[in-house]
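Participant: This one is protein-v8.cif, mmCIF, C-alpha atoms (C1' of nucleotides).
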data_target
loop_
_atom_site.label_atom_id
_atom_site.label_comp_id
_atom_site.auth_asym_id
_atom_site.auth_seq_id
_atom_site.Cartn_x
_atom_site.Cartn_y
_atom_site.Cartn_z
CA MET A 1 157.64 148.42 24.89
CA SER A 2 155.18 148.03 22.07
CA GLN A 3 151.85 149.79 22.37
CA GLY A 4 150.08 146.74 21.00
CA VAL A 5 150.48 145.08 24.39
CA GLU A 6 148.04 147.47 25.98
CA TRP A 7 145.58 146.90 23.16
CA ALA A 8 145.92 143.14 23.45
CA LEU A 9 145.38 143.17 27.21
CA HIS A 10 142.19 145.21 27.08
CA THR A 11 140.89 143.32 24.08
CA CYS A 12 141.41 139.97 25.80
CA LEU A 13 139.50 141.28 28.79
CA ASN A 14 136.65 142.38 26.57
CA LEU A 15 136.58 138.95 24.97
CA THR A 16 136.05 137.33 28.36
CA TRP A 17 132.60 138.90 28.54
CA LEU A 18 131.57 137.41 25.18
CA ASP A 19 130.74 133.90 24.08
CA THR A 20 130.67 134.42 20.31
CA PRO A 21 133.50 135.55 18.02
CA ALA A 22 133.95 139.29 17.59
CA PRO A 23 135.56 140.72 14.43
CA ALA A 24 138.73 142.78 14.68
CA GLY A 25 136.91 145.80 13.33
CA VAL A 26 134.44 145.80 16.20
CA LEU A 27 137.11 145.22 18.82
CA ALA A 28 139.09 148.10 17.37
CA ALA A 29 136.11 150.45 17.26
CA PHE A 30 135.62 149.77 20.96
CA TYR A 31 138.68 151.93 21.72
CA GLU A 32 138.87 153.81 18.40
CA LEU A 33 141.98 151.91 17.35
CA PRO A 34 143.20 151.35 13.77
CA PRO A 35 141.35 148.15 12.82
CA ALA A 36 143.92 146.61 10.49
CA TYR A 37 146.72 147.09 12.95
CA LEU A 38 144.80 145.59 15.85
CA ASN A 39 144.07 142.69 13.55
CA LYS A 40 147.81 142.21 13.17
CA GLN A 41 148.30 142.05 16.92
CA LEU A 42 145.44 139.61 17.35
CA GLN A 43 147.08 137.37 14.78
CA ALA A 44 150.07 137.16 17.11
CA LEU A 45 147.75 136.11 19.93
CA VAL A 46 146.32 133.40 17.68
CA ARG A 47 149.82 132.12 16.89
CA ALA A 48 150.49 132.01 20.63
CA GLY A 49 147.40 129.89 21.23
CA ILE A 50 145.61 132.55 23.27
CA LEU A 51 142.87 133.31 20.74
CA THR A 52 141.21 131.37 17.97
CA SER A 53 140.08 132.96 14.76
CA VAL A 54 137.17 131.98 12.55
CA PRO A 55 136.88 133.48 9.08
CA GLY A 56 133.81 134.43 7.11
CA PRO A 57 130.62 136.12 8.18
CA ARG A 58 129.77 135.90 11.88
CA GLY A 59 133.47 135.17 12.35
CA GLY A 60 136.15 136.96 14.34
CA PHE A 61 138.29 136.24 17.38
CA GLN A 62 137.51 134.57 20.66
CA LEU A 63 139.48 133.24 23.60
CA ALA A 64 141.08 129.87 22.96
CA ARG A 65 141.05 128.84 26.63
CA ALA A 66 139.69 129.81 30.02
CA PRO A 67 140.72 133.26 31.32
CA GLU A 68 142.12 131.59 34.42
CA THR A 69 144.80 129.97 32.26
CA ILE A 70 145.86 133.16 30.46
CA SER A 71 148.47 135.12 32.38
CA LEU A 72 149.50 138.66 31.56
CA LEU A 73 152.92 137.24 30.75
CA ASP A 74 151.37 135.06 28.06
CA ILE A 75 149.94 138.09 26.33
CA VAL A 76 153.08 140.17 26.70
CA THR A 77 155.34 137.47 25.28
CA ALA A 78 152.88 136.81 22.47
CA ILE A 79 153.18 140.43 21.33
CA GLU A 80 156.73 141.31 22.31
CA GLY A 81 158.43 137.99 21.66
CA PRO A 82 160.27 135.73 24.08
CA GLU A 83 163.48 137.78 24.34
CA GLU A 84 164.39 139.09 27.77
CA LEU A 85 164.39 142.79 28.54
CA LEU A 86 168.14 143.25 28.12
CA ARG A 87 169.55 141.14 25.33
CA CYS A 88 173.14 140.37 26.33
CA ASP A 89 175.42 140.56 23.30
CA GLN A 90 178.35 139.10 25.17
CA ILE A 91 180.66 141.99 24.52
CA LEU A 92 183.05 140.31 26.93
CA ASN A 93 183.99 138.14 23.99
CA LYS A 94 185.77 141.17 22.61
CA GLY A 95 187.40 141.89 25.95
CA PRO A 96 190.82 140.94 27.29
CA GLY A 97 190.34 137.58 28.98
CA SER A 98 188.03 136.17 26.33
CA HIS A 99 188.19 132.41 26.18
CA ALA A 100 186.45 130.95 23.17
CA GLY A 101 183.72 128.51 24.07
CA VAL A 102 182.66 130.43 27.16
CA ASP A 103 178.99 131.43 27.21
CA TYR A 104 179.09 134.90 28.67
CA ARG A 105 175.33 134.92 28.94
CA GLN A 106 175.92 132.57 31.86
CA SER A 107 179.17 133.77 33.38
CA CYS A 108 178.82 137.55 32.98
CA ALA A 109 177.86 139.01 36.35
CA PHE A 110 175.80 141.75 34.73
CA ALA A 111 173.90 139.26 32.62
CA GLN A 112 173.09 137.27 35.76
CA ALA A 113 171.83 140.35 37.58
CA MET A 114 169.73 141.49 34.66
CA ARG A 115 168.35 138.01 34.25
CA GLY A 116 167.37 137.99 37.92
CA ALA A 117 165.47 141.25 37.52
CA ASP A 118 163.91 139.95 34.34
CA LEU A 119 162.70 136.84 36.15
CA ALA A 120 161.22 138.92 38.97
CA TRP A 121 159.30 140.92 36.37
CA ARG A 122 158.06 137.80 34.63
CA ARG A 123 157.09 136.20 37.93
CA GLU A 124 154.81 139.13 38.70
CA LEU A 125 153.23 139.02 35.27
CA ALA A 126 152.81 135.26 35.35
CA ALA A 127 151.04 135.44 38.72
CA LYS A 128 148.21 137.62 37.41
CA THR A 129 145.69 136.14 35.02
CA VAL A 130 143.06 137.73 32.86
CA ALA A 131 140.48 136.18 35.16
CA ASP A 132 142.02 138.03 38.11
CA ILE A 133 141.74 141.31 36.27
CA ARG A 134 138.16 140.55 35.34
CA ALA A 135 137.37 139.87 39.00
CA ASP A 136 138.92 143.19 40.01
CA VAL A 137 136.96 145.08 37.39
CA THR A 138 133.72 143.33 38.29
CA ARG A 139 134.21 144.26 41.94
CA LEU A 140 134.62 147.96 41.17
CA HIS A 141 132.22 148.20 38.24
CA PRO A 142 129.63 145.41 38.39
CA SER A 143 127.97 146.65 35.24
CA SER A 144 131.07 146.14 33.11
CA SER A 145 129.92 142.79 31.82
CA ALA A 146 126.59 144.04 30.53
CA ASP A 147 128.04 147.37 29.36
CA THR A 148 130.74 145.70 27.30
CA ARG A 149 128.36 143.21 25.72
CA ALA A 150 125.92 145.98 24.85
CA ARG A 151 128.56 148.13 23.26
CA ILE A 152 130.00 145.23 21.26
CA ASP A 153 126.55 144.38 19.95
CA ALA A 154 125.94 148.01 19.05
CA LEU A 155 129.14 148.12 16.98
CA ARG A 156 128.56 144.77 15.32
CA MET Q 1 165.97 147.68 25.32
CA SER Q 2 168.83 149.75 24.08
CA GLN Q 3 172.16 148.08 23.55
CA GLY Q 4 173.92 151.04 25.09
CA VAL Q 5 172.87 149.80 28.52
CA GLU Q 6 175.18 146.83 28.27
CA TRP Q 7 178.03 149.05 27.15
CA ALA Q 8 177.41 151.48 30.00
CA LEU Q 9 177.32 148.73 32.60
CA HIS Q 10 180.62 147.17 31.57
CA THR Q 11 182.26 150.54 31.10
CA CYS Q 12 181.26 151.67 34.58
CA LEU Q 13 182.73 148.46 35.98
CA ASN Q 14 185.97 149.09 34.14
CA LEU Q 15 186.09 152.61 35.53
CA THR Q 16 185.95 151.27 39.08
CA TRP Q 17 189.43 149.79 38.62
CA LEU Q 18 190.89 153.14 37.60
CA ASP Q 19 191.64 156.31 39.50
CA THR Q 20 192.35 158.61 36.58
CA PRO Q 21 190.01 159.67 33.75
CA ALA Q 22 189.88 157.42 30.68
CA PRO Q 23 188.92 158.82 27.26
CA ALA Q 24 185.90 157.45 25.45
CA GLY Q 25 188.12 156.18 22.64
CA VAL Q 26 190.07 153.96 24.99
CA LEU Q 27 186.97 152.68 26.77
CA ALA Q 28 185.44 151.87 23.38
CA ALA Q 29 188.55 150.09 22.10
CA PHE Q 30 188.37 147.87 25.19
CA TYR Q 31 185.37 146.07 23.66
CA GLU Q 32 185.85 147.15 20.03
CA LEU Q 33 182.85 149.46 20.18
CA PRO Q 34 182.21 152.50 17.94
CA PRO Q 35 183.99 155.27 19.89
CA ALA Q 36 181.74 158.19 19.02
CA TYR Q 37 178.62 156.30 19.89
CA LEU Q 38 179.92 155.13 23.23
CA ASN Q 39 180.84 158.75 23.85
CA LYS Q 40 177.19 159.62 23.32
CA GLN Q 41 176.07 157.09 25.91
CA LEU Q 42 178.65 158.26 28.42
CA GLN Q 43 177.31 161.79 28.03
CA ALA Q 44 173.98 160.48 29.29
CA LEU Q 45 175.72 159.02 32.34
CA VAL Q 46 177.31 162.40 32.98
CA ARG Q 47 173.92 164.12 32.80
CA ALA Q 48 172.65 161.56 35.32
CA GLY Q 49 175.46 162.38 37.72
CA ILE Q 50 177.06 158.95 37.50
CA LEU Q 51 180.21 160.02 35.67
CA THR Q 52 182.17 163.21 35.47
CA SER Q 53 183.93 164.30 32.32
CA VAL Q 54 187.08 166.34 32.01
CA PRO Q 55 188.06 167.77 28.62
CA GLY Q 56 191.48 168.26 27.14
CA PRO Q 57 194.55 166.05 27.15
CA ARG Q 58 194.73 163.49 29.97
CA GLY Q 59 190.99 163.98 30.21
CA GLY Q 60 188.12 161.54 29.81
CA PHE Q 61 185.47 160.02 32.05
CA GLN Q 62 185.58 158.77 35.59
CA LEU Q 63 183.06 157.77 38.23
CA ALA Q 64 181.37 160.68 39.94
CA ARG Q 65 180.75 158.77 43.18
CA ALA Q 66 181.61 155.58 45.00
CA PRO Q 67 180.60 152.33 43.24
CA GLU Q 68 178.60 151.38 46.33
CA THR Q 69 176.23 154.25 45.59
CA ILE Q 70 175.68 153.39 41.91
CA SER Q 71 172.93 150.86 41.40
CA LEU Q 72 172.26 149.05 38.15
CA LEU Q 73 168.94 150.86 38.07
CA ASP Q 74 170.75 154.19 38.05
CA ILE Q 75 172.64 153.21 34.92
CA VAL Q 76 169.62 151.72 33.18
CA THR Q 77 167.45 154.78 33.79
CA ALA Q 78 170.29 157.06 32.74
CA ILE Q 79 170.42 155.40 29.32
CA GLU Q 80 166.81 154.36 28.80
CA GLY Q 81 165.04 157.21 30.49
CA PRO Q 82 162.67 157.18 33.44
CA GLU Q 83 159.61 155.79 31.64
CA GLU Q 84 158.22 152.51 32.88
CA LEU Q 85 158.35 149.39 30.76
CA LEU Q 86 154.74 149.60 29.56
CA ARG Q 87 153.64 153.14 28.94
CA CYS Q 88 149.90 153.17 29.60
CA ASP Q 89 148.14 155.37 27.04
CA GLN Q 90 144.84 155.23 28.91
CA ILE Q 91 142.91 153.85 26.01
CA LEU Q 92 140.05 153.44 28.45
CA ASN Q 93 139.41 157.12 27.86
CA LYS Q 94 138.09 156.10 24.46
CA GLY Q 95 136.00 153.29 25.95
CA PRO Q 96 132.34 153.25 26.93
CA GLY Q 97 132.33 154.35 30.58
CA SER Q 98 134.94 157.06 30.19
CA HIS Q 99 134.55 159.79 32.75
CA ALA Q 100 136.64 162.84 32.04
CA GLY Q 101 138.99 163.70 34.84
CA VAL Q 102 139.70 160.11 35.75
CA ASP Q 103 143.37 159.17 35.65
CA TYR Q 104 143.29 155.70 34.16
CA ARG Q 105 146.95 155.25 34.92
CA GLN Q 106 145.74 154.82 38.50
CA SER Q 107 142.41 153.12 38.15
CA CYS Q 108 143.04 150.75 35.21
CA ALA Q 109 143.58 147.27 36.61
CA PHE Q 110 146.07 146.41 33.88
CA ALA Q 111 148.10 149.52 34.55
CA GLN Q 112 148.24 148.61 38.22
CA ALA Q 113 149.42 145.08 37.48
CA MET Q 114 152.03 146.24 35.01
CA ARG Q 115 153.20 148.86 37.44
CA GLY Q 116 153.61 146.19 40.10
CA ALA Q 117 155.76 144.08 37.81
CA ASP Q 118 157.71 147.16 36.83
CA LEU Q 119 158.40 147.94 40.48
CA ALA Q 120 159.56 144.38 41.14
CA TRP Q 121 161.99 144.73 38.24
CA ARG Q 122 163.28 148.06 39.50
CA ARG Q 123 163.60 146.74 43.04
CA GLU Q 124 165.92 144.00 41.83
CA LEU Q 125 168.02 146.41 39.83
CA ALA Q 126 168.18 148.94 42.65
CA ALA Q 127 169.39 146.29 45.09
CA LYS Q 128 172.51 145.50 43.07
CA THR Q 129 175.30 148.06 42.91
CA VAL Q 130 178.34 148.29 40.71
CA ALA Q 131 180.41 147.53 43.80
CA ASP Q 132 178.52 144.25 44.23
CA ILE Q 133 179.32 143.28 40.67
CA ARG Q 134 182.93 144.21 41.16
CA ALA Q 135 183.08 142.00 44.26
CA ASP Q 136 181.59 139.09 42.32
CA VAL Q 137 184.07 139.51 39.51
CA THR Q 138 186.99 139.81 41.90
CA ARG Q 139 185.97 136.61 43.63
CA LEU Q 140 185.93 134.62 40.39
CA HIS Q 141 188.79 136.37 38.61
CA PRO Q 142 191.15 138.00 41.12
CA SER Q 143 193.39 139.26 38.34
CA SER Q 144 190.64 141.35 36.79
CA SER Q 145 191.78 144.53 38.49
CA ALA Q 146 195.35 144.34 37.25
CA ASP Q 147 194.30 142.98 33.84
CA THR Q 148 191.89 145.81 33.21
CA ARG Q 149 194.31 148.50 34.31
CA ALA Q 150 197.04 147.02 32.13
CA ARG Q 151 194.83 146.88 29.08
CA ILE Q 152 193.57 150.40 29.57
CA ASP Q 153 197.12 151.67 29.84
CA ALA Q 154 198.08 149.74 26.73
CA LEU Q 155 195.30 151.40 24.75
CA ARG Q 156 195.91 154.84 26.12
"C1'" DG Y 1 106.92 123.56 -0.24
"C1'" DG Y 2 111.52 121.67 0.02
"C1'" DT Y 3 116.25 121.31 -1.59
"C1'" DC Y 4 120.15 122.31 -4.09
"C1'" DT Y 5 123.21 125.72 -6.20
"C1'" DC Y 6 125.34 129.85 -6.79
"C1'" DC Y 7 126.45 134.37 -5.49
"C1'" DT Y 8 127.45 137.95 -2.40
"C1'" DA Y 9 129.26 139.88 1.62
"C1'" DC Y 10 132.19 139.35 5.25
"C1'" DT Y 11 136.32 137.65 7.77
"C1'" DC Y 12 141.14 136.70 8.59
"C1'" DG Y 13 145.98 136.54 6.85
"C1'" DG Y 14 149.97 138.07 5.03
"C1'" DA Y 15 152.43 141.31 1.85
"C1'" DT Y 16 153.25 146.09 1.38
"C1'" DA Y 17 154.28 151.44 2.71
"C1'" DC Y 18 155.22 154.94 6.31
"C1'" DA Y 19 156.96 157.01 10.82
"C1'" DT Y 20 159.67 156.99 14.63
"C1'" DA Y 21 163.46 155.82 17.39
"C1'" DA Y 22 167.83 153.54 17.86
"C1'" DT Y 23 172.40 153.44 15.92
"C1'" DG Y 24 176.38 155.43 14.02
"C1'" DT Y 25 179.30 159.46 12.39
"C1'" DC Y 26 181.29 163.98 12.08
"C1'" DC Y 27 183.07 168.48 13.24
"C1'" DG Y 28 183.52 172.51 16.48
"C1'" DA Y 29 184.46 174.68 21.37
"C1'" DG Y 30 187.27 174.33 25.16
"C1'" DT Y 31 191.29 172.79 27.77
"C1'" DC Y 32 195.69 171.24 29.12
"C1'" DC Y 33 200.41 170.18 28.15
"C1'" DC Y 34 204.75 171.01 26.16
"C1'" DC Y 35 208.17 173.75 24.18
"C1'" DA Y 36 210.48 177.80 22.96
"C1'" DC Y 37 211.74 182.22 24.27
"C1'" DG Y 38 213.06 185.94 27.23
"C1'" DG Y 39 214.69 187.57 31.59
"C1'" DC P 1 218.61 178.46 35.39
"C1'" DC P 2 213.68 179.86 36.04
"C1'" DG P 3 209.36 181.95 34.68
"C1'" DT P 4 206.17 183.02 31.03
"C1'" DG P 5 203.70 183.06 26.73
"C1'" DG P 6 202.06 180.73 22.67
"C1'" DG P 7 201.14 176.84 19.73
"C1'" DG P 8 199.46 172.31 19.09
"C1'" DA P 9 197.13 168.25 20.17
"C1'" DC P 10 193.71 166.05 22.63
"C1'" DT P 11 189.05 165.72 24.79
"C1'" DC P 12 184.18 166.20 25.30
"C1'" DG P 13 179.73 167.94 23.46
"C1'" DG P 14 176.20 168.36 20.46
"C1'" DA P 15 174.55 168.57 15.49
"C1'" DC P 16 174.02 165.65 11.50
"C1'" DA P 17 173.26 160.89 8.52
"C1'" DT P 18 171.88 156.04 8.36
"C1'" DT P 19 169.71 151.92 9.62
"C1'" DA P 20 166.38 149.06 12.16
"C1'" DT P 21 162.04 148.61 14.43
"C1'" DG P 22 157.44 149.71 15.38
"C1'" DT P 23 153.24 151.53 13.30
"C1'" DA P 24 149.76 151.63 9.90
"C1'" DT P 25 147.49 150.18 5.59
"C1'" DC P 26 145.79 147.51 1.76
"C1'" DC P 27 144.32 143.67 -0.99
"C1'" DG P 28 143.69 138.61 -1.80
"C1'" DA P 29 142.15 133.66 -0.18
"C1'" DG P 30 138.61 131.41 2.02
"C1'" DT P 31 134.07 130.75 4.19
"C1'" DA P 32 129.41 131.07 5.89
"C1'" DG P 33 124.99 132.59 4.95
"C1'" DG P 34 121.14 133.75 2.16
"C1'" DA P 35 118.61 134.44 -2.21
"C1'" DG P 36 116.97 132.32 -6.18
"C1'" DA P 37 115.91 128.58 -9.28
"C1'" DC P 38 114.57 124.01 -9.95
"C1'" DC P 39 112.26 119.68 -8.65
#
When written as structure tokens, how does the structure in this file appear?

Facilitator:
Amino acid sequence: MSQGVEWALHTCLNLTWLDTPAPAGVLAAFYELPPAYLNKQLQALVRAGILTSVPGPRGGFQLARAPETISLLDIVTAIEGPEELLRCDQILNKGPGSHAGVDYRQSCAFAQAMRGADLAWRRELAAKTVADIRADVTRLHPSSSADTRARIDALR
Amino acid sequence: MSQGVEWALHTCLNLTWLDTPAPAGVLAAFYELPPAYLNKQLQALVRAGILTSVPGPRGGFQLARAPETISLLDIVTAIEGPEELLRCDQILNKGPGSHAGVDYRQSCAFAQAMRGADLAWRRELAAKTVADIRADVTRLHPSSSADTRARIDALR
DNA sequence: GGTCTCCTACTCGGATACATAATGTCCGAGTCCCCACGG
DNA sequence: CCGTGGGGACTCGGACATTATGTATCCGAGTAGGAGACC
């Protein structure tokens, strides 16, 4: 799975502490990431409606909606795309009892099982929001909010 | 996720109908797959202890143990490797409050959440065995056993 | 002093290279089967 | 007729190309902000 997912998750969390846009360069410097490449990932989050971008000076990225409404699944699908974990190519079509017009994504027993596992995975990810993570972090490290804001301002 | 997983799943199911080894070429022709590449995937299943291979004429691959003891997870991990879906690179180490000696695979809230989803996925896959799939298929298509055996023999 | 204009610096956004892993192919080592030969 | 040895064909196994995907980079379009000139 793409490494950009991890970057996107942490960056979204960092953005929850802020109330003004932060440029991609600053967000990248936070974890010493390649700035242009993080920018690319953030663009995907913008397309998914998770972030909004403002160009020009004092511009950057910020959350498009409340952290409570952003699930981890939203971020993962924004980066990785909507395809399920195992893309079923319906090789049964090439098999012996292949009837044209049959959708083996539905009838194939393996596809059903894999889809079930895929749904379980997505259910877990959909249940956890960025706000939940922020609450967990705040509980363990109450200074995170101030620390993050300070560091962002220092890099700005 | 690698396409070889789908091939391995269906091939293992086909092998449950047989009691003699089947060569990779025959198993590949069953679904019109590239023979040498399927061979490569089957080698991984052998290394994982799911199949056994016998060389020479009348040789090929066969199940190493009862289908009831082969879970879908076994096959997936044999092909894809044991890594979890999202490999956490601990980018927090580069962050502000990074304390050396802390394993962020454990403490990072995102890593925990992703690990939970990963476990849910694996639990689903581990619960379903090749024998379960075979039972499902037999229920819907009782002729599958004879059909598969006949086709394998025809290709042999 | 206030206001308008222009210019500069800064940002995102997409088009462009590079690296890595998945996919696909090929040939060699080992093994079994079959057949011919000898007893 | 039966046992035995050798040749041939078949199989896996790993080493070698090729393609696709993820990773990384660069430059252009657009915008806000500020400096300077003019009223």

Participant: For the atom pair atom CA of Ala111 of chain A and atom CA of Ile75 of chain Q, what is the interatomic distance in Å to one decimal place?

Facilitator: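 Atom CA of Ile75 of chain Q lies 14.2 Å from atom CA of Ala111 of chain A.
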
Participant: Applying the PyMOL selection byres ((chain Q and resi 18) around 10) to the file I just gave you, which residues come out? Please list them as a PDB file with C-alpha atoms, keeping the file's coordinate frame.

Facilitator:
ATOM      1  CA  LEU Q  13     182.730 148.460  35.980  1.00  0.00           C
ATOM      2  CA  ASN Q  14     185.970 149.090  34.140  1.00  0.00           C
ATOM      3  CA  LEU Q  15     186.090 152.610  35.530  1.00  0.00           C
ATOM      4  CA  THR Q  16     185.950 151.270  39.080  1.00  0.00           C
ATOM      5  CA  TRP Q  17     189.430 149.790  38.620  1.00  0.00           C
ATOM      6  CA  ASP Q  19     191.640 156.310  39.500  1.00  0.00           C
ATOM      7  CA  THR Q  20     192.350 158.610  36.580  1.00  0.00           C
ATOM      8  CA  PRO Q  21     190.010 159.670  33.750  1.00  0.00           C
ATOM      9  CA  ALA Q  22     189.880 157.420  30.680  1.00  0.00           C
ATOM     10  CA  GLN Q  62     185.580 158.770  35.590  1.00  0.00           C
ATOM     11  CA  LEU Q  63     183.060 157.770  38.230  1.00  0.00           C
ATOM     12  CA  SER Q 145     191.780 144.530  38.490  1.00  0.00           C
ATOM     13  CA  ALA Q 146     195.350 144.340  37.250  1.00  0.00           C
ATOM     14  CA  THR Q 148     191.890 145.810  33.210  1.00  0.00           C
ATOM     15  CA  ARG Q 149     194.310 148.500  34.310  1.00  0.00           C
ATOM     16  CA  ILE Q 152     193.570 150.400  29.570  1.00  0.00           C
TER      17      ILE Q 152
END

Participant: Could you build a table of the residues in chain Q lying no more than 7 Å from chain Y, giving for each the nearest pair of atoms and their separation in Å rounded to one decimal place, using all atoms listed in the file, ordered by chain and ascending residue number, as JSON lines?

Facilitator:
{"residue": "Q:Tyr37", "atom": "CA", "partner": "Y:DG24", "partner_atom": "C1'", "distance": 6.3}
{"residue": "Q:Pro55", "atom": "CA", "partner": "Y:DT31", "partner_atom": "C1'", "distance": 6.0}
{"residue": "Q:Gly56", "atom": "CA", "partner": "Y:DT31", "partner_atom": "C1'", "distance": 4.6}
{"residue": "Q:Pro57", "atom": "CA", "partner": "Y:DC32", "partner_atom": "C1'", "distance": 5.7}

Participant: With all atoms listed in the file counted and 9 Å as the cut-off, give the residues of chain A in contact with chain Q, each with its shortest interatomic distance in Å and the pair that gives it, as a tab-separated table.

Facilitator:
residue	atom	partner	partner_atom	distance
A:Met1	CA	Q:Leu86	CA	5.6
A:Ser2	CA	Q:Leu86	CA	7.7
A:Gln3	CA	Q:Arg87	CA	7.6
A:Val5	CA	Q:Leu86	CA	8.1
A:Glu6	CA	Q:Cys88	CA	7.0
A:Trp7	CA	Q:Ile91	CA	8.0
A:Leu9	CA	Q:Phe110	CA	7.4
A:His10	CA	Q:Phe110	CA	7.9
A:Phe30	CA	Q:Gly95	CA	6.1
A:Tyr31	CA	Q:Lys94	CA	5.0
A:Glu32	CA	Q:Lys94	CA	6.5
A:Leu33	CA	Q:Ile91	CA	8.9
A:Leu72	CA	Q:Met114	CA	8.7
A:Leu85	CA	Q:Met1	CA	6.1
A:Leu86	CA	Q:Met1	CA	5.7
A:Arg87	CA	Q:Met1	CA	7.5
A:Cys88	CA	Q:Glu6	CA	7.0
A:Asp89	CA	Q:Glu6	CA	8.0
A:Gln90	CA	Q:Glu6	CA	8.9
A:Ile91	CA	Q:Tyr31	CA	6.3
A:Leu92	CA	Q:Tyr31	CA	7.0
A:Asn93	CA	Q:Tyr31	CA	8.1
A:Lys94	CA	Q:Tyr31	CA	5.0
A:Gly95	CA	Q:Tyr31	CA	5.2
A:Pro96	CA	Q:Arg151	CA	7.4
A:Gly97	CA	Q:Asp147	CA	8.3
A:Cys108	CA	Q:Val137	CA	8.6
A:Ala109	CA	Q:Ile133	CA	6.2
A:Phe110	CA	Q:Ile133	CA	7.1
A:Ala111	CA	Q:Glu6	CA	8.8
A:Ala113	CA	Q:Leu125	CA	7.5
A:Met114	CA	Q:Leu125	CA	7.3
A:Gly116	CA	Q:Glu124	CA	7.3
A:Ala117	CA	Q:Trp121	CA	5.0
A:Asp118	CA	Q:Trp121	CA	6.5
A:Leu119	CA	Q:Trp121	CA	8.2
A:Ala120	CA	Q:Trp121	CA	5.9
A:Trp121	CA	Q:Ala117	CA	5.0
A:Arg122	CA	Q:Ala117	CA	7.4
A:Arg123	CA	Q:Ala117	CA	8.0
A:Glu124	CA	Q:Ala117	CA	5.1
A:Leu125	CA	Q:Ala117	CA	6.2
A:Lys128	CA	Q:Ala113	CA	7.6
A:Ile133	CA	Q:Ala109	CA	6.2
A:Arg134	CA	Q:Ala109	CA	8.7
A:Asp136	CA	Q:Ala109	CA	7.1
A:Val137	CA	Q:Ala109	CA	7.0
A:Ser144	CA	Q:Gly97	CA	8.7
A:Asp147	CA	Q:Pro96	CA	7.7
A:Thr148	CA	Q:Pro96	CA	7.7
A:Arg151	CA	Q:Pro96	CA	7.3

Participant: Output the contact residues of chain P with respect to chain A at a cut-off of 8 Å, based on all atoms listed in the file, as a ChimeraX atom specification.

Facilitator: /P:22-25,30-33

Participant: So what do you get for atom CA of Leu45 of chain A versus atom C1' of DA21 of chain Y, distance-wise?

Facilitator: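 Atom C1' of DA21 of chain Y lies at a distance of 25.3 Å from atom CA of Leu45 of chain A.
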
Participant: Grab the atom CA of Cys12 of chain A to atom CA of Gly25 of chain A distance for me, in Å with one decimal place.

Facilitator: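 Taking atom CA of Cys12 of chain A and atom CA of Gly25 of chain A, their separation equals 14.5 Å.
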
Participant: Evaluate the PyMOL selection byres ((chain Y and resi 15) around 9) and record the selected residues as JSON, numbers by chain, following the chain and residue labels used in the document.

Facilitator: {"Y": [14, 16], "P": [27]}

Participant: Could you spell out the hits of the PyMOL selection byres ((chain Y and resi 13) around 10) on the shown file, as a ChimeraX atom specification?

Facilitator: /A:39-40,43,55 /Y:11-12,14-15 /P:28-29

Participant: I need the chosen residues saved as a compact mmCIF listing (two decimals), keeping the file's coordinate frame, with C-alpha atoms (C1' of nucleotides).

Facilitator:
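Once everything was written out, this is selection.txt:
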# COMPACT_ATOMS: atom_id res chain seq x y z
CA ASN A 39 144.07 142.69 13.55
CA LYS A 40 147.81 142.21 13.17
CA GLN A 43 147.08 137.37 14.78
CA PRO A 55 136.88 133.48 9.08
C1' DT Y 11 136.32 137.65 7.77
C1' DC Y 12 141.14 136.70 8.59
C1' DG Y 14 149.97 138.07 5.03
C1' DA Y 15 152.43 141.31 1.85
C1' DG P 28 143.69 138.61 -1.80
C1' DA P 29 142.15 133.66 -0.18

Participant: Padding of 6 Å on every side, edges along x, y and z, all listed atoms of segment 24-43 of chain A included: what centre and edge lengths in Å, to one decimal, does that box have, as JSON?

Facilitator:
{"center_x": 141.4, "center_y": 145.6, "center_z": 16.1, "size_x": 25.9, "size_y": 28.4, "size_z": 23.2}

Participant: Residues at most 12 Å from DC6 of chain Y, counting all atoms listed in the file, excluding those fewer than 4 positions away in the same chain, as a ChimeraX atom specification?

Facilitator: /P:34-37

Participant: Counting all atoms listed in the file, figure out which residue out of Q:Asp153, Q:Gly60, Q:Ala8, Q:Leu27 gets nearest to Asp74 of chain Q.

Facilitator: Q:Ala8
